[in-house]
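Right, one structure below, let's go through it.
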Amino acid sequence: MKGWAVSSMSSGVEGKGWDVLDPQDRMRFEQLVLPHLDAAFNLSRWLLRGRADAEDVAQESMLRAFRFFRGFHGGDARAWLLQIVRNTCYTWLEKNRPVDLTTEFDEEVHALPSATPETLAIAGDNRERLTRALEELPARFREVLVLRELEGCSYKEIAAITSAPLGTVMSALARARQRLQRVLTQDEAHKRQEAGREL
């Protein structure tokens with residue numbers, strides 16, 4: 001992934017102002033931002049649910065990060081980049097799939113068994129099932145789960161990336177986990193029902 005992004009970014013920036021940064025800033029960008037290319041692609045992949053779209057949006061995000069790197073004055077480079085990726089993804093969704101942004105959380109999911117999504121996925125030992133379940137979640141729930149569980153971001157980093165209060169992040173994460181658990185539970189029940197019919 002990194003090789004693709006570096007070559008894509010270099011070719012995308014050539015002629016569009018590769019010289020917007022002086023050599024020292026360019027070197028800082030390469031040291032601080034480029035190590036997070038995989039995280040940028042991963043977030044865009046989960047938010048957009050498609051590799052080709054995610055590659056395009058990740059590339060556009062990296063170009064934006066490069067153009068605005070002069071405005072980065074230290075701090076958490078990963079959180080800064082992921083905020084750009086998130087914003088670019090939502091802009092893309094608004095233009096191309098606005099219906100994905102209107103899907104809201106169903107409060108009915110609060111009446112769930114006590115198993116966690118993680119234990120259900122591990123018990124089923126089925127990564128594909130977990131992937132499908134994650135893709136069924138609304139984008140706002142996918143993003144907090146991906147940032148916390150797959151990218152290992154702290155609640156504070158997620159709050160910075162999503163521009164949301166810390167309490168909202170914690171609440172959204174709890175609700176996203178519950179929703180994921182419900183999807184996984186329904187999938188398991190459906191599998192058992194199908195297996196019963198085959199007998």
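Quick note on naming: the chains in the structure tokens go A, B, ... in the order shown, residues restart at 1 in each chain, and ligands are numbered from 1 in order of appearance.
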**Request:** Give me the residues within 10 Å of Ala160 in chain A as an MDAnalysis selection string, counting only C-alpha atoms and dropping any in the same chain fewer than 5 places off.
**Result:** chainID A and resid 76 79:80 82:83 154:155 165:166 169
**Request:** With a distance cut-off of 12 Å and only C-alpha atoms, select the neighbouring residues of Thr162 in chain A, excluding the residue or stretch itself and same-chain residues fewer than 4 positions from it, and output the selection as number ranges by chain.
**Result:** A: 79-90, 140-141, 143-144, 147, 153, 155-158, 166, 168-169, 172
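Neighbouring residues of Arg132 in chain A at 10 Å or closer, counting only C-alpha atoms and skipping chain neighbours under 5 positions away, are Arg49, Arg127, Leu137, Val183, Leu184 and Asp187 of chain A.
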Those same residues - C-alpha atoms - I'd like them written as an mmCIF file, in the first residue's frame.
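What follows is the written file part.cif:
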data_model
loop_
_atom_site.group_PDB
_atom_site.id
_atom_site.type_symbol
_atom_site.label_atom_id
_atom_site.label_comp_id
_atom_site.auth_asym_id
_atom_site.auth_seq_id
_atom_site.Cartn_x
_atom_site.Cartn_y
_atom_site.Cartn_z
ATOM 1 C CA ARG A 49 -16.565 0.214 1.501
ATOM 2 C CA ARG A 127 -12.943 -12.585 9.554
ATOM 3 C CA LEU A 137 -22.972 -0.347 9.958
ATOM 4 C CA VAL A 183 -25.469 -7.739 13.328
ATOM 5 C CA LEU A 184 -23.104 -10.566 14.283
ATOM 6 C CA ASP A 187 -25.832 -13.456 11.226
#
**Message:** Would you pick out the contacts of Glu136 in chain A at 12 Å or less, using only C-alpha atoms, so that residues sharing its chain but fewer than 2 positions from it are not included, and give the list as an MDAnalysis selection string?
**Reply:** chainID A and resid 46:49 100 103:105 129:134 138:142 176 179:184 187
**Asked** range 51-54 of chain A: which residues within 12 Å, counting only C-alpha atoms, same-chain residues fewer than 2 positions away excluded, as a PyMOL selection string?
**Response** chain A and resi 1+5+37-49+56-62+85-86+88-90+92-93+96-97
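Our summary of the geometry notes that CA of Gly196 in chain A is positioned 28.4 Å from CA of Arg177 in chain A.
Here CA of Phe29 in chain A is placed at a distance of 7.3 Å from CA of Phe66 in chain A.
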**Fill in**
Using only C-alpha atoms, the best pick from A:Arg70, A:Arg175, A:Arg197, A:Lys95 as closest to Asp25 in chain A would be A:Arg70
